[in-house]
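To be precise, the following lines are input_16.txt, and they hold compact mmCIF, C-alpha atoms.
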```
# COMPACT_ATOMS: atom_id res chain seq x y z
CA MET A 265 16.75 36.78 -16.91
CA ARG A 266 17.05 35.37 -13.45
CA LYS A 267 14.49 36.96 -11.20
CA LYS A 268 12.43 40.12 -11.24
CA ILE A 269 13.45 42.24 -8.28
CA TYR A 270 11.06 45.09 -8.94
CA SER A 271 8.23 45.28 -11.43
CA ILE A 272 5.63 47.91 -12.32
CA GLU A 273 3.25 48.67 -15.16
CA ASN A 274 2.91 52.33 -16.09
CA GLN A 275 -0.27 54.08 -17.19
CA ASP A 276 0.52 53.36 -20.87
CA GLY A 277 0.59 49.59 -20.32
CA LEU A 278 4.37 49.22 -20.56
CA ASN A 279 5.84 46.70 -18.15
CA PHE A 280 9.09 47.76 -16.53
CA SER A 281 11.20 45.53 -14.31
CA VAL A 282 14.57 45.54 -12.65
CA GLN A 283 16.41 42.27 -12.43
CA LYS A 284 19.65 41.07 -10.93
CA THR A 285 21.63 39.14 -13.54
CA SER A 286 24.82 37.12 -13.49
CA PRO A 287 26.25 37.38 -17.01
CA CYS A 288 29.00 35.18 -18.31
CA THR A 289 31.23 35.11 -21.33
CA ILE A 290 32.67 32.23 -23.26
CA THR A 291 36.35 32.53 -24.03
CA HIS A 292 39.06 30.15 -25.11
CA LYS A 293 39.41 29.31 -21.39
CA GLY A 294 35.76 28.29 -21.16
CA LYS A 295 32.80 29.91 -19.46
CA GLU A 296 33.74 32.85 -17.19
CA LYS A 297 31.37 34.65 -14.83
CA LEU A 298 31.26 38.44 -15.07
CA PRO A 299 30.36 40.68 -12.12
CA GLU A 300 26.68 40.75 -11.16
CA GLN A 301 24.66 43.39 -12.94
CA ILE A 302 21.32 45.14 -12.60
CA THR A 303 19.23 44.93 -15.78
CA PHE A 304 16.31 47.14 -16.75
CA LEU A 305 13.77 45.30 -18.88
CA PHE A 306 10.89 46.90 -20.78
CA GLU A 307 8.15 44.58 -22.01
CA GLY A 308 4.97 45.00 -24.01
CA ILE A 309 6.46 47.53 -26.42
CA ASP A 310 4.38 48.34 -29.46
CA PRO A 311 6.80 49.90 -32.01
CA GLU A 312 3.90 51.65 -33.74
CA SER A 313 2.59 53.51 -30.70
CA ASP A 314 5.17 53.40 -27.89
CA LEU A 315 8.14 54.94 -29.69
CA THR A 316 8.46 58.69 -30.15
CA GLU A 317 9.10 60.18 -33.59
CA ASP A 318 12.83 60.04 -32.71
CA ASN A 319 12.49 56.28 -32.01
CA ASP A 320 12.91 56.75 -28.26
CA LEU A 321 11.03 54.71 -25.70
CA VAL A 322 9.66 56.78 -22.84
CA CYS A 323 8.39 55.10 -19.68
CA SER A 324 6.93 57.41 -17.05
CA ILE A 325 6.40 56.34 -13.45
CA SER A 326 4.84 58.15 -10.50
CA LYS A 327 6.93 59.91 -7.86
CA GLU A 328 6.02 57.22 -5.34
CA GLU A 329 7.15 54.47 -7.73
CA ALA A 330 10.39 56.41 -8.35
CA VAL A 331 11.10 56.45 -4.60
CA ASN A 332 10.36 52.71 -4.34
CA LEU A 333 12.60 52.02 -7.34
CA ALA A 334 15.43 54.10 -5.85
CA ILE A 335 15.22 52.17 -2.58
CA ARG A 336 15.27 48.83 -4.42
CA LEU A 337 18.28 49.89 -6.49
CA LEU A 338 20.14 50.97 -3.37
CA LYS A 339 19.30 47.66 -1.69
CA LEU A 340 20.72 45.78 -4.65
CA SER A 341 23.94 47.79 -4.74
CA THR A 342 24.60 47.83 -1.01
CA GLY A 343 26.21 45.24 1.21
CA ARG A 344 24.68 44.09 4.47
CA VAL A 345 24.51 46.46 7.40
CA PRO A 346 26.95 45.04 9.98
CA GLU A 347 25.36 43.27 12.94
CA ASN A 348 26.86 45.80 15.37
CA GLY A 349 25.78 48.73 13.18
CA LEU A 350 27.43 51.04 10.68
CA LEU A 351 29.63 53.69 12.32
CA LEU A 352 29.31 57.01 10.47
CA HIS A 353 32.02 59.66 10.43
CA ASN A 354 30.88 63.01 11.73
CA PHE A 355 32.16 66.37 12.94
CA SER A 356 30.72 66.19 16.48
CA GLY A 357 33.29 63.90 18.08
CA HIS A 358 30.60 61.40 19.12
CA ASP A 359 30.16 57.85 17.88
CA PHE A 360 27.13 57.85 15.58
CA SER A 361 25.82 54.59 14.12
CA VAL A 362 22.76 53.06 12.51
CA HIS A 363 21.68 49.43 12.73
CA HIS A 364 18.69 47.11 12.38
CA ALA A 365 16.12 47.13 15.12
CA LYS A 366 15.40 43.67 16.49
CA GLU A 367 12.27 42.11 17.83
CA ASP A 368 12.58 38.75 19.57
CA GLY A 369 16.15 38.47 18.22
CA VAL A 370 15.04 38.93 14.58
CA HIS A 371 15.80 41.97 12.40
CA ILE A 372 12.80 44.12 11.63
CA ASP A 373 12.61 46.72 8.87
CA GLU A 374 13.24 49.68 11.15
CA PRO A 375 16.47 51.55 11.78
CA ILE A 376 17.94 52.49 15.15
CA PHE A 377 20.28 55.46 15.51
CA GLU A 378 22.78 55.43 18.31
CA ILE A 379 24.95 58.27 19.61
CA GLY A 380 27.81 57.20 21.85
CA ASN A 381 30.35 58.95 24.09
CA LEU A 382 27.79 61.43 25.42
CA GLU A 383 28.14 63.41 28.57
CA ALA A 384 25.41 65.46 30.27
CA ASP A 385 26.89 68.78 29.13
CA ASP A 386 26.84 67.61 25.46
CA ILE A 387 23.06 68.01 25.50
CA ALA A 388 21.79 71.54 24.84
CA GLU A 389 19.47 73.38 27.26
CA ASP A 390 16.52 72.58 25.00
CA GLY A 391 17.28 68.85 25.32
CA THR A 392 18.71 68.39 21.83
CA ILE A 393 21.97 67.20 20.36
CA SER A 394 23.03 67.43 16.74
CA VAL A 395 25.44 65.34 14.74
CA CYS A 396 26.77 66.71 11.43
CA LEU A 397 27.78 63.89 9.07
CA THR A 398 30.44 64.12 6.42
CA ASN A 399 29.18 63.90 2.81
CA GLU A 400 30.55 60.37 2.42
CA SER A 401 28.91 59.23 5.66
CA ALA A 402 25.60 60.76 4.57
CA LYS A 403 25.78 58.63 1.40
CA GLU A 404 26.58 55.55 3.50
CA LEU A 405 23.62 56.36 5.75
CA ILE A 406 21.26 56.56 2.75
CA LYS A 407 22.44 53.16 1.52
CA ALA A 408 22.17 51.62 4.99
CA LEU A 409 18.64 52.97 5.47
CA ALA A 410 17.58 51.56 2.09
CA LYS A 411 18.99 48.18 3.07
CA ILE A 412 17.17 48.24 6.41
CA VAL A 413 13.76 49.37 5.17
```
Rendering of file as structure tokens:
Amino acid sequence: MRKKIYSIENQDGLNFSVQKTSPCTITHKGKEKLPEQITFLFEGIDPESDLTEDNDLVCSISKEEAVNLAIRLLKLSTGRVPENGLLLHNFSGHDFSVHHAKEDGVHIDEPIFEIGNLEADDIAEDGTISVCLTNESAKELIKALAKIV
């Protein structure tokens, strides 16, 4: 395995890691690279005590670890957020994008949301504006946020 991307040990002493791997196959044409994959690796398994009576391996993690794992998986499966931001489709008619915040010209792990094409009368009396994203754009936003943070 190439490199551990994410690693935790649960309360039962099982080690669990997520790794990015670059598998290959050997054919009559020689060695061919397959698409990159994400591999889940469980270590420290004791067959006598860690398997259930149905021979299943159960690895529990906390809710906080589950959130961290989800973010790491999204980071691994998502391309870079474009330098000028990711424009998200919405029903408001405004440009809505998310991009990396910068400090001294360097990306920092904080997102910036930008709403474009605003006019004074677009803002409600209470000083708010809302942007309703499409389902696909909401998914793109989740991936972009994971990549940024």
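Of the residues under consideration (A:Asp359, A:Glu317, A:Ser341, A:His371), A:Ser341 shows the shortest atom-to-atom contact distance to Lys407 of chain A when counting all atoms listed in the file.
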For the contact check between segment 302-347 of chain A and segment 398-405 of chain A, emit one row per residue of segment 302-347 of chain A within 12 Å, containing the shortest atom pair and the distance in Å rounded to one decimal, counting only C-alpha atoms, chain then rising number order, as JSON lines.
```
{"residue": "A:Leu338", "atom": "CA", "partner": "A:Glu404", "partner_atom": "CA", "distance": 10.5}
{"residue": "A:Lys339", "atom": "CA", "partner": "A:Glu404", "partner_atom": "CA", "distance": 11.9}
{"residue": "A:Ser341", "atom": "CA", "partner": "A:Glu404", "partner_atom": "CA", "distance": 11.6}
{"residue": "A:Thr342", "atom": "CA", "partner": "A:Glu404", "partner_atom": "CA", "distance": 9.2}
{"residue": "A:Gly343", "atom": "CA", "partner": "A:Glu404", "partner_atom": "CA", "distance": 10.6}
{"residue": "A:Arg344", "atom": "CA", "partner": "A:Glu404", "partner_atom": "CA", "distance": 11.7}
{"residue": "A:Val345", "atom": "CA", "partner": "A:Leu405", "partner_atom": "CA", "distance": 10.1}
```
Excluding same-chain residues fewer than 4 positions from Phe360 of chain A, what lies within 10 Å of it counting only C-alpha atoms, as an mmCIF file with C-alpha atoms, in the frame of the given file?
```cif
data_model
loop_
_atom_site.group_PDB
_atom_site.id
_atom_site.type_symbol
_atom_site.label_atom_id
_atom_site.label_comp_id
_atom_site.auth_asym_id
_atom_site.auth_seq_id
_atom_site.Cartn_x
_atom_site.Cartn_y
_atom_site.Cartn_z
ATOM 1 C CA GLY A 349 25.780 48.730 13.180
ATOM 2 C CA LEU A 350 27.430 51.040 10.680
ATOM 3 C CA LEU A 351 29.630 53.690 12.320
ATOM 4 C CA LEU A 352 29.310 57.010 10.470
ATOM 5 C CA HIS A 353 32.020 59.660 10.430
ATOM 6 C CA ASN A 354 30.880 63.010 11.730
ATOM 7 C CA SER A 356 30.720 66.190 16.480
ATOM 8 C CA PHE A 377 20.280 55.460 15.510
ATOM 9 C CA GLU A 378 22.780 55.430 18.310
ATOM 10 C CA ILE A 379 24.950 58.270 19.610
ATOM 11 C CA GLY A 380 27.810 57.200 21.850
ATOM 12 C CA ASN A 381 30.350 58.950 24.090
ATOM 13 C CA VAL A 395 25.440 65.340 14.740
ATOM 14 C CA CYS A 396 26.770 66.710 11.430
ATOM 15 C CA LEU A 397 27.780 63.890 9.070
#
```
Quick one: of A:His358, A:Cys323, A:Asn332, A:Leu278, who's nearest to Ile387 of chain A, counting all atoms listed in the file?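 The closest residue to Ile387 of chain A is A:His358.
Of the listed residues (A:Ser326, A:Asn279, A:Ser271, A:Thr289), A:Asn279 comes nearest to Gly308 of chain A; the distances count only C-alpha atoms.
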Counting all atoms listed in the file, write as a PyMOL selection string all protein and nucleic acid residues lying at most 12 Å from (14.6, 53.7, -4.4) in the file's frame. chain A and resi 270+282+327-341+406-407+409-411+413
Report, in Å to a single decimal, how far apart atom CA of Ser281 of chain A and atom CA of Phe304 of chain A are. 5.9 Å
Using all atoms listed in the file, which residues of segment 311-363 of chain A come within 9 Å of segment 372-376 of chain A, and what is the closest atom pair for each, with the distance in Å to one decimal? Give it as a tab-separated table, sorted by chain and residue number.
```
residue	atom	partner	partner_atom	distance
A:Gly349	CA	A:Ile376	CA	8.9
A:Ser361	CA	A:Ile376	CA	8.2
A:Val362	CA	A:Ile376	CA	5.5
A:His363	CA	A:Ile376	CA	5.4
```
May I have the residues within 8 Å of Glu300 of chain A as a ChimeraX atom specification, using all atoms listed in the file and disregarding those fewer than 2 positions away in the same chain? /A:284-287,298,302
What separation in Å, quoted to one decimal, exists between atom CA of Asp390 of chain A and atom CA of His364 of chain A?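 Between atom CA of Asp390 of chain A and atom CA of His364 of chain A the gap works out to 28.5 Å.
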d(atom CA of Ile325 of chain A, atom CA of Ile309 of chain A) in Å: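 So the two atoms, atom CA of Ile325 of chain A and atom CA of Ile309 of chain A, lie 15.7 Å apart.
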Once 3 Å is added on each side, what centre and edge lengths in Å to one decimal does the axis-aligned box around all listed atoms of segment 374-389 of chain A have, as lines of an AutoDock Vina configuration file?
```
center_x = 21.8
center_y = 61.5
center_z = 20.7
size_x = 23.1
size_y = 29.7
size_z = 25.1
```
